[in-house]
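Enquirer: My structure is in model-v8.cif, and what it holds is mmCIF, C-alpha atoms; chains and numbers go by the auth columns:
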```
data_coords
loop_
_atom_site.group_PDB
_atom_site.id
_atom_site.type_symbol
_atom_site.label_atom_id
_atom_site.label_comp_id
_atom_site.label_asym_id
_atom_site.label_seq_id
_atom_site.Cartn_x
_atom_site.Cartn_y
_atom_site.Cartn_z
_atom_site.B_iso_or_equiv
_atom_site.auth_seq_id
_atom_site.auth_asym_id
ATOM 1 C CA TRP A 1 0.000 0.000 0.000 0.00 16 A
ATOM 2 C CA ARG A 2 1.191 3.474 -0.866 0.00 17 A
ATOM 3 C CA VAL A 3 0.316 5.816 2.023 0.00 18 A
ATOM 4 C CA VAL A 4 0.317 9.384 0.722 0.00 19 A
ATOM 5 C CA PHE A 5 0.589 11.741 3.686 0.00 20 A
ATOM 6 C CA TYR A 6 -0.597 15.361 3.456 0.00 21 A
ATOM 7 C CA PRO A 7 0.213 17.747 6.343 0.00 22 A
ATOM 8 C CA CYS A 8 -2.601 20.300 6.422 0.00 23 A
ATOM 9 C CA ARG A 9 -1.995 23.899 7.622 0.00 24 A
ATOM 10 C CA VAL A 10 1.513 23.311 8.835 0.00 25 A
ATOM 11 C CA ASP A 11 2.249 26.728 10.345 0.00 26 A
ATOM 12 C CA MET A 12 -0.315 26.500 13.144 0.00 27 A
ATOM 13 C CA GLY A 13 0.381 25.173 16.623 0.00 28 A
ATOM 14 C CA ILE A 14 -0.066 21.606 15.367 0.00 29 A
ATOM 15 C CA ASP A 15 2.677 19.320 14.141 0.00 30 A
ATOM 16 C CA PRO A 16 1.497 16.916 11.450 0.00 31 A
ATOM 17 C CA HIS A 17 5.137 16.350 10.456 0.00 32 A
ATOM 18 C CA ASP A 18 5.690 14.507 13.756 0.00 33 A
ATOM 19 C CA GLU A 19 2.773 12.212 12.917 0.00 34 A
ATOM 20 C CA CYS A 20 4.219 11.635 9.463 0.00 35 A
ATOM 21 C CA GLN A 21 7.643 10.777 10.879 0.00 36 A
ATOM 22 C CA GLN A 22 6.106 8.303 13.323 0.00 37 A
ATOM 23 C CA LEU A 23 4.265 6.598 10.453 0.00 38 A
ATOM 24 C CA ILE A 24 7.449 6.502 8.376 0.00 39 A
ATOM 25 C CA ASP A 25 9.343 4.956 11.291 0.00 40 A
ATOM 26 C CA LEU A 26 6.594 2.401 11.857 0.00 41 A
ATOM 27 C CA CYS A 27 5.761 1.467 8.273 0.00 42 A
ATOM 28 C CA ASN A 28 8.819 2.055 6.122 0.00 43 A
ATOM 29 C CA ASP A 29 11.414 0.686 8.509 0.00 44 A
ATOM 30 C CA ARG A 30 9.632 -2.407 9.800 0.00 45 A
ATOM 31 C CA ASN A 31 6.993 -3.359 7.292 0.00 46 A
ATOM 32 C CA GLU A 32 6.852 -4.180 3.606 0.00 47 A
ATOM 33 C CA ARG A 33 3.087 -3.789 3.417 0.00 48 A
ATOM 34 C CA PHE A 34 3.023 0.031 3.607 0.00 49 A
ATOM 35 C CA THR A 35 5.237 2.737 2.164 0.00 50 A
ATOM 36 C CA VAL A 36 4.643 6.224 3.555 0.00 51 A
ATOM 37 C CA CYS A 37 5.157 8.936 0.949 0.00 52 A
ATOM 38 C CA PRO A 38 5.014 12.414 2.499 0.00 53 A
ATOM 39 C CA GLU A 39 3.764 15.260 0.332 0.00 54 A
ATOM 40 C CA SER A 40 5.591 18.353 1.535 0.00 55 A
ATOM 41 C CA GLN A 41 3.115 20.851 0.077 0.00 56 A
ATOM 42 C CA PRO A 42 -0.536 19.834 0.256 0.00 57 A
ATOM 43 C CA ARG A 43 -1.888 21.606 -2.807 0.00 58 A
ATOM 44 C CA ILE A 44 -4.666 20.677 -5.202 0.00 59 A
ATOM 45 C CA PHE A 45 -2.100 20.333 -7.996 0.00 60 A
ATOM 46 C CA ASN A 46 -0.094 17.759 -6.001 0.00 61 A
ATOM 47 C CA PHE A 47 -3.212 15.812 -4.987 0.00 62 A
ATOM 48 C CA ARG A 48 -4.422 15.691 -8.592 0.00 63 A
ATOM 49 C CA ARG A 49 -0.954 14.545 -9.709 0.00 64 A
ATOM 50 C CA GLU A 50 -1.165 11.638 -7.233 0.00 65 A
ATOM 51 C CA LEU A 51 -4.641 10.729 -8.457 0.00 66 A
ATOM 52 C CA MET A 52 -3.397 10.644 -12.046 0.00 67 A
ATOM 53 C CA ARG A 53 -0.133 8.813 -11.289 0.00 68 A
ATOM 54 C CA GLU A 54 0.241 5.540 -13.122 0.00 69 A
ATOM 55 C CA ALA A 55 0.434 2.920 -10.393 0.00 70 A
ATOM 56 C CA PRO A 56 2.193 -0.427 -10.498 0.00 71 A
ATOM 57 C CA GLU A 57 -0.141 -3.398 -10.861 0.00 72 A
ATOM 58 C CA GLY A 58 -1.766 -4.269 -7.553 0.00 73 A
ATOM 59 C CA GLU A 59 -0.688 -1.122 -5.704 0.00 74 A
ATOM 60 C CA GLY A 60 -3.318 0.165 -3.306 0.00 75 A
ATOM 61 C CA LEU A 61 -3.619 3.744 -2.108 0.00 76 A
ATOM 62 C CA ILE A 62 -4.181 5.236 1.297 0.00 77 A
ATOM 63 C CA PHE A 63 -4.624 8.982 1.524 0.00 78 A
ATOM 64 C CA HIS A 64 -3.790 10.320 4.975 0.00 79 A
ATOM 65 C CA PHE A 65 -4.537 13.950 5.802 0.00 80 A
ATOM 66 C CA ALA A 66 -3.332 15.277 9.162 0.00 81 A
ATOM 67 C CA GLY A 67 -3.624 18.758 10.556 0.00 82 A
ATOM 68 C CA HIS A 68 -6.341 21.381 10.567 0.00 83 A
ATOM 69 C CA CYS A 69 -9.924 21.116 9.393 0.00 84 A
ATOM 70 C CA ASP A 70 -13.043 22.944 10.428 0.00 85 A
ATOM 71 C CA ARG A 71 -16.477 23.559 8.972 0.00 86 A
ATOM 72 C CA ALA A 72 -14.887 25.489 6.060 0.00 87 A
ATOM 73 C CA GLY A 73 -12.817 22.470 5.027 0.00 88 A
ATOM 74 C CA ILE A 74 -9.275 21.124 5.188 0.00 89 A
ATOM 75 C CA TYR A 75 -6.592 23.802 5.154 0.00 90 A
ATOM 76 C CA TRP A 76 -4.034 23.377 2.391 0.00 91 A
ATOM 77 C CA HIS A 77 -1.456 25.662 0.891 0.00 92 A
ATOM 78 C CA ALA A 78 -2.999 27.838 -1.820 0.00 93 A
ATOM 79 C CA ASP A 79 -1.844 27.162 -5.354 0.00 94 A
ATOM 80 C CA ARG A 80 1.055 29.304 -6.524 0.00 95 A
ATOM 81 C CA GLY A 81 0.147 32.727 -7.773 0.00 96 A
ATOM 82 C CA ARG A 82 -2.754 33.255 -5.363 0.00 97 A
ATOM 83 C CA ARG A 83 -2.737 36.041 -2.790 0.00 98 A
ATOM 84 C CA GLU A 84 -3.889 33.784 0.040 0.00 99 A
ATOM 85 C CA ARG A 85 -1.347 31.469 1.649 0.00 100 A
ATOM 86 C CA PHE A 86 -3.965 28.863 2.520 0.00 101 A
ATOM 87 C CA THR A 87 -7.182 27.597 1.045 0.00 102 A
ATOM 88 C CA ALA A 88 -9.974 25.549 2.596 0.00 103 A
ATOM 89 C CA LEU A 89 -10.604 22.448 0.519 0.00 104 A
ATOM 90 C CA THR A 90 -14.007 20.877 1.135 0.00 105 A
ATOM 91 C CA GLY A 91 -14.860 17.211 1.113 0.00 106 A
ATOM 92 C CA GLN A 92 -17.036 17.854 -1.935 0.00 107 A
ATOM 93 C CA GLN A 93 -14.017 19.212 -3.816 0.00 108 A
ATOM 94 C CA VAL A 94 -11.858 16.223 -2.831 0.00 109 A
ATOM 95 C CA ALA A 95 -14.666 13.863 -3.872 0.00 110 A
ATOM 96 C CA MET A 96 -15.095 15.679 -7.179 0.00 111 A
ATOM 97 C CA LEU A 97 -11.360 15.442 -7.926 0.00 112 A
ATOM 98 C CA ILE A 98 -11.481 11.696 -7.249 0.00 113 A
ATOM 99 C CA GLN A 99 -14.573 11.273 -9.394 0.00 114 A
ATOM 100 C CA ILE A 100 -13.139 13.328 -12.296 0.00 115 A
ATOM 101 C CA ASN A 101 -9.844 11.428 -12.286 0.00 116 A
ATOM 102 C CA SER A 102 -11.270 7.925 -11.853 0.00 117 A
ATOM 103 C CA THR A 103 -11.330 5.999 -15.135 0.00 118 A
ATOM 104 C CA GLU A 104 -11.839 2.401 -16.164 0.00 119 A
ATOM 105 C CA GLU A 105 -8.137 2.212 -17.000 0.00 120 A
ATOM 106 C CA ASN A 106 -6.745 3.477 -13.675 0.00 121 A
ATOM 107 C CA ARG A 107 -9.487 1.928 -11.466 0.00 122 A
ATOM 108 C CA LEU A 108 -8.806 4.688 -8.944 0.00 123 A
ATOM 109 C CA LEU A 109 -11.821 4.028 -6.717 0.00 124 A
ATOM 110 C CA GLU A 110 -10.824 0.360 -6.497 0.00 125 A
ATOM 111 C CA ARG A 111 -7.235 1.286 -5.610 0.00 126 A
ATOM 112 C CA ILE A 112 -8.182 3.678 -2.785 0.00 127 A
ATOM 113 C CA GLY A 113 -8.401 1.374 0.191 0.00 128 A
ATOM 114 C CA LEU A 114 -8.609 4.049 2.868 0.00 129 A
ATOM 115 C CA PHE A 115 -8.977 7.780 3.205 0.00 130 A
ATOM 116 C CA PHE A 116 -7.834 8.837 6.677 0.00 131 A
ATOM 117 C CA PHE A 117 -8.820 12.367 7.718 0.00 132 A
ATOM 118 C CA ASN A 118 -6.877 12.751 10.944 0.00 133 A
ATOM 119 C CA THR A 119 -8.229 16.274 11.267 0.00 134 A
ATOM 120 C CA CYS A 120 -10.809 17.846 13.563 0.00 135 A
ATOM 121 C CA GLU A 121 -14.427 18.015 12.446 0.00 136 A
ATOM 122 C CA SER A 122 -13.893 16.112 9.198 0.00 137 A
ATOM 123 C CA LEU A 123 -17.129 14.108 9.186 0.00 138 A
ATOM 124 C CA ALA A 124 -18.587 16.084 6.249 0.00 139 A
ATOM 125 C CA GLU A 125 -15.416 15.401 4.245 0.00 140 A
ATOM 126 C CA GLY A 126 -15.643 11.700 5.036 0.00 141 A
ATOM 127 C CA ARG A 127 -19.295 11.475 4.021 0.00 142 A
ATOM 128 C CA ALA A 128 -18.607 13.225 0.709 0.00 143 A
ATOM 129 C CA LEU A 129 -15.990 10.594 -0.136 0.00 144 A
ATOM 130 C CA LEU A 130 -18.252 7.713 0.805 0.00 145 A
ATOM 131 C CA ASP A 131 -20.929 9.210 -1.459 0.00 146 A
ATOM 132 C CA VAL A 132 -18.638 8.976 -4.536 0.00 147 A
ATOM 133 C CA GLY A 133 -17.605 5.395 -3.800 0.00 148 A
ATOM 134 C CA VAL A 134 -14.524 5.520 -1.573 0.00 149 A
ATOM 135 C CA ARG A 135 -14.881 2.287 0.389 0.00 150 A
ATOM 136 C CA THR A 136 -13.387 3.188 3.764 0.00 151 A
ATOM 137 C CA VAL A 137 -12.976 6.539 5.504 0.00 152 A
ATOM 138 C CA ILE A 138 -11.685 7.299 8.985 0.00 153 A
ATOM 139 C CA CYS A 139 -12.444 10.814 10.227 0.00 154 A
ATOM 140 C CA TRP A 140 -13.231 12.800 13.369 0.00 155 A
ATOM 141 C CA MET A 141 -16.707 14.063 14.161 0.00 156 A
ATOM 142 C CA ASP A 142 -15.532 16.681 16.678 0.00 157 A
ATOM 143 C CA LYS A 143 -12.411 18.540 17.690 0.00 158 A
ATOM 144 C CA VAL A 144 -9.609 16.292 18.930 0.00 159 A
ATOM 145 C CA PRO A 145 -6.316 17.219 20.602 0.00 160 A
ATOM 146 C CA ASP A 146 -3.333 16.758 18.308 0.00 161 A
ATOM 147 C CA GLY A 147 -1.570 14.293 20.617 0.00 162 A
ATOM 148 C CA ILE A 148 -4.630 12.039 20.817 0.00 163 A
ATOM 149 C CA ALA A 149 -5.165 12.220 17.049 0.00 164 A
ATOM 150 C CA THR A 150 -1.526 11.339 16.343 0.00 165 A
ATOM 151 C CA LEU A 151 -1.546 8.457 18.829 0.00 166 A
ATOM 152 C CA PHE A 152 -4.802 7.159 17.324 0.00 167 A
ATOM 153 C CA ALA A 153 -3.365 7.185 13.793 0.00 168 A
ATOM 154 C CA VAL A 154 -0.127 5.484 14.798 0.00 169 A
ATOM 155 C CA LYS A 155 -2.046 2.764 16.629 0.00 170 A
ATOM 156 C CA VAL A 156 -4.313 2.122 13.615 0.00 171 A
ATOM 157 C CA TYR A 157 -1.246 1.576 11.415 0.00 172 A
ATOM 158 C CA GLU A 158 0.396 -0.565 14.142 0.00 173 A
ATOM 159 C CA VAL A 159 -2.585 -2.943 14.037 0.00 174 A
ATOM 160 C CA LEU A 160 -2.456 -3.022 10.237 0.00 175 A
ATOM 161 C CA CYS A 161 1.302 -3.670 10.248 0.00 176 A
ATOM 162 C CA MET A 162 1.127 -6.391 12.918 0.00 177 A
ATOM 163 C CA ASN A 163 -1.655 -8.348 11.253 0.00 178 A
ATOM 164 C CA PRO A 164 -1.540 -8.528 7.442 0.00 179 A
ATOM 165 C CA LYS A 165 -5.094 -9.874 7.407 0.00 180 A
ATOM 166 C CA ALA A 166 -6.462 -7.037 9.542 0.00 181 A
ATOM 167 C CA GLY A 167 -8.858 -4.835 7.675 0.00 182 A
ATOM 168 C CA TYR A 168 -9.323 -1.132 8.254 0.00 183 A
ATOM 169 C CA GLU A 169 -12.530 -1.652 10.197 0.00 184 A
ATOM 170 C CA MET A 170 -10.860 -4.187 12.495 0.00 185 A
ATOM 171 C CA ALA A 171 -7.913 -1.852 13.097 0.00 186 A
ATOM 172 C CA PHE A 172 -10.217 1.105 13.748 0.00 187 A
ATOM 173 C CA LYS A 173 -12.389 -0.818 16.230 0.00 188 A
ATOM 174 C CA ASN A 174 -9.376 -2.255 18.068 0.00 189 A
ATOM 175 C CA VAL A 175 -7.884 1.197 18.553 0.00 190 A
ATOM 176 C CA CYS A 176 -11.232 2.670 19.609 0.00 191 A
ATOM 177 C CA VAL A 177 -11.477 0.034 22.344 0.00 192 A
ATOM 178 C CA GLU A 178 -7.842 0.481 23.379 0.00 193 A
ATOM 179 C CA MET A 179 -8.102 4.281 23.528 0.00 194 A
ATOM 180 C CA ASP A 180 -11.674 4.496 24.847 0.00 195 A
ATOM 181 C CA GLY A 181 -10.637 6.278 28.051 0.00 196 A
ATOM 182 C CA ASP A 182 -8.485 8.818 26.197 0.00 197 A
ATOM 183 C CA LEU A 183 -11.221 9.492 23.649 0.00 198 A
ATOM 184 C CA ARG A 184 -13.902 9.943 26.303 0.00 199 A
ATOM 185 C CA ALA A 185 -11.700 12.190 28.448 0.00 200 A
ATOM 186 C CA GLN A 186 -11.012 14.456 25.482 0.00 201 A
ATOM 187 C CA GLY A 187 -14.558 14.396 24.137 0.00 202 A
ATOM 188 C CA GLY A 188 -13.326 13.149 20.760 0.00 203 A
ATOM 189 C CA GLY A 189 -15.793 11.447 18.493 0.00 204 A
ATOM 190 C CA GLY A 190 -14.194 9.169 15.912 0.00 205 A
#
```
Please lay out the structure from this file as structure tokens.
Expert:
Amino acid sequence: WRVVFYPCRVDMGIDPHDECQQLIDLCNDRNERFTVCPESQPRIFNFRRELMREAPEGEGLIFHFAGHCDRAGIYWHADRGRRERFTALTGQQVAMLIQINSTEENRLLERIGLFFFNTCESLAEGRALLDVGVRTVICWMDKVPDGIATLFAVKVYEVLCMNPKAGYEMAFKNVCVEMDGDLRAQGGGG
């Protein structure tokens, strides 16, 4: 699986790069099942390029967004030439990009195994992706502290790395049970 990691709104008080490094350490160094590929600049152009990339036969895709999201969307760097430094990308826009770039030849929707929004209040984004045919989405209903979100993500990938037959739902449920106290104490809704 190719895990494409997008750090969203990197100049805030959050540190998605730490989460990315933990996933690289976990997956790339000790596991052949996942390869974490960090995208240094989360921009629409770079996301579209990944969607259109010709993949080796049998390669699955996991898109992992970490960082800032609110009701306006996921905060990415604005495309070059724009006055704003950041832009809010909605789940509808992400879904539309997937739908536009999915063809019979590239079988994109079949190749996307998981879309992981490890960002606050990303339920609307997750639902938009499910509506266009993405099979599995992990997202947060409410605000979640960065440390809890990072720990949750790392634990999901730990379960997936430890058990090659573990599916995303099994990994998600295992981590929810394991972190139940942390999630309840923080008020996070997964």
Enquirer: Take the point (-3.0, 19.4, 5.1) as written in the file and pick out every residue within 12 Å of it, counting only C-alpha atoms; give the list as a PyMOL selection string.
Expert: chain A and resi 19-27+29-32+35+53-59+61-62+78-85+88-93+101-105+131-135
Enquirer: So which residues touch Leu76 of chain A within 7 Å, counting all atoms listed in the file, skipping near sequence neighbours fewer than 3 positions away, as a ChimeraX atom specification?
Expert: /A:16-18,126-128
Enquirer: Carefully work through the PyMOL selection byres ((chain A and resi 124) around 10) for this structure and note down the residues it includes, as a PyMOL selection string.
Expert: chain A and resi 66+75-76+113-114+116-119+121-123+125-128+147-150
Enquirer: Please indicate the distance in Å from atom CA of Cys52 of chain A to atom CA of Tyr172 of chain A, rounded to one decimal place.
Expert: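 Atom CA of Tyr172 of chain A lies 14.3 Å from atom CA of Cys52 of chain A.
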Enquirer: Nearest to Asp40 of chain A among A:Ile163, A:Glu173, A:Gly106, A:Arg97, with distances taken over all atoms listed in the file: which residue is it?
Expert: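 Closest to Asp40 of chain A, using all atoms listed in the file: A:Glu173.
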Enquirer: Using the chain letters and numbers from the file, which residues does the PyMOL selection byres ((chain A and resi 141) around 10) grab, as a list in words?
Expert: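 This file gives the following for the PyMOL selection byres ((chain A and resi 141) around 10): Gly106, Gln107, Val109, Ala110, Phe130, Phe131, Phe132, Glu136, Ser137, Leu138, Ala139, Glu140, Arg142, Ala143, Leu144, Leu145, Asp146, Val149, Thr151, Val152, Ile153, Cys154, Trp155 and Met156 of chain A.
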Enquirer: Hey, what comes out of the PyMOL selection byres ((chain A and resi 188) around 12) on this file? Could you write it as a list in words?
Expert: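 When the PyMOL selection byres ((chain A and resi 188) around 12) is applied, the selected residues are Ile153, Phe167, Lys170, Val171, Val174, Leu175, Ala181, Gly182, Tyr183, Glu184, Met185, Ala186, Phe187, Asn189, Val190, Cys191, Val192, Glu193, Met194, Asp195 and Gly205 of chain A.
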Enquirer: What's the separation between atom CA of Ile115 of chain A and atom CA of Glu74 of chain A, in Å to one decimal place?
Expert: 20.2 Å
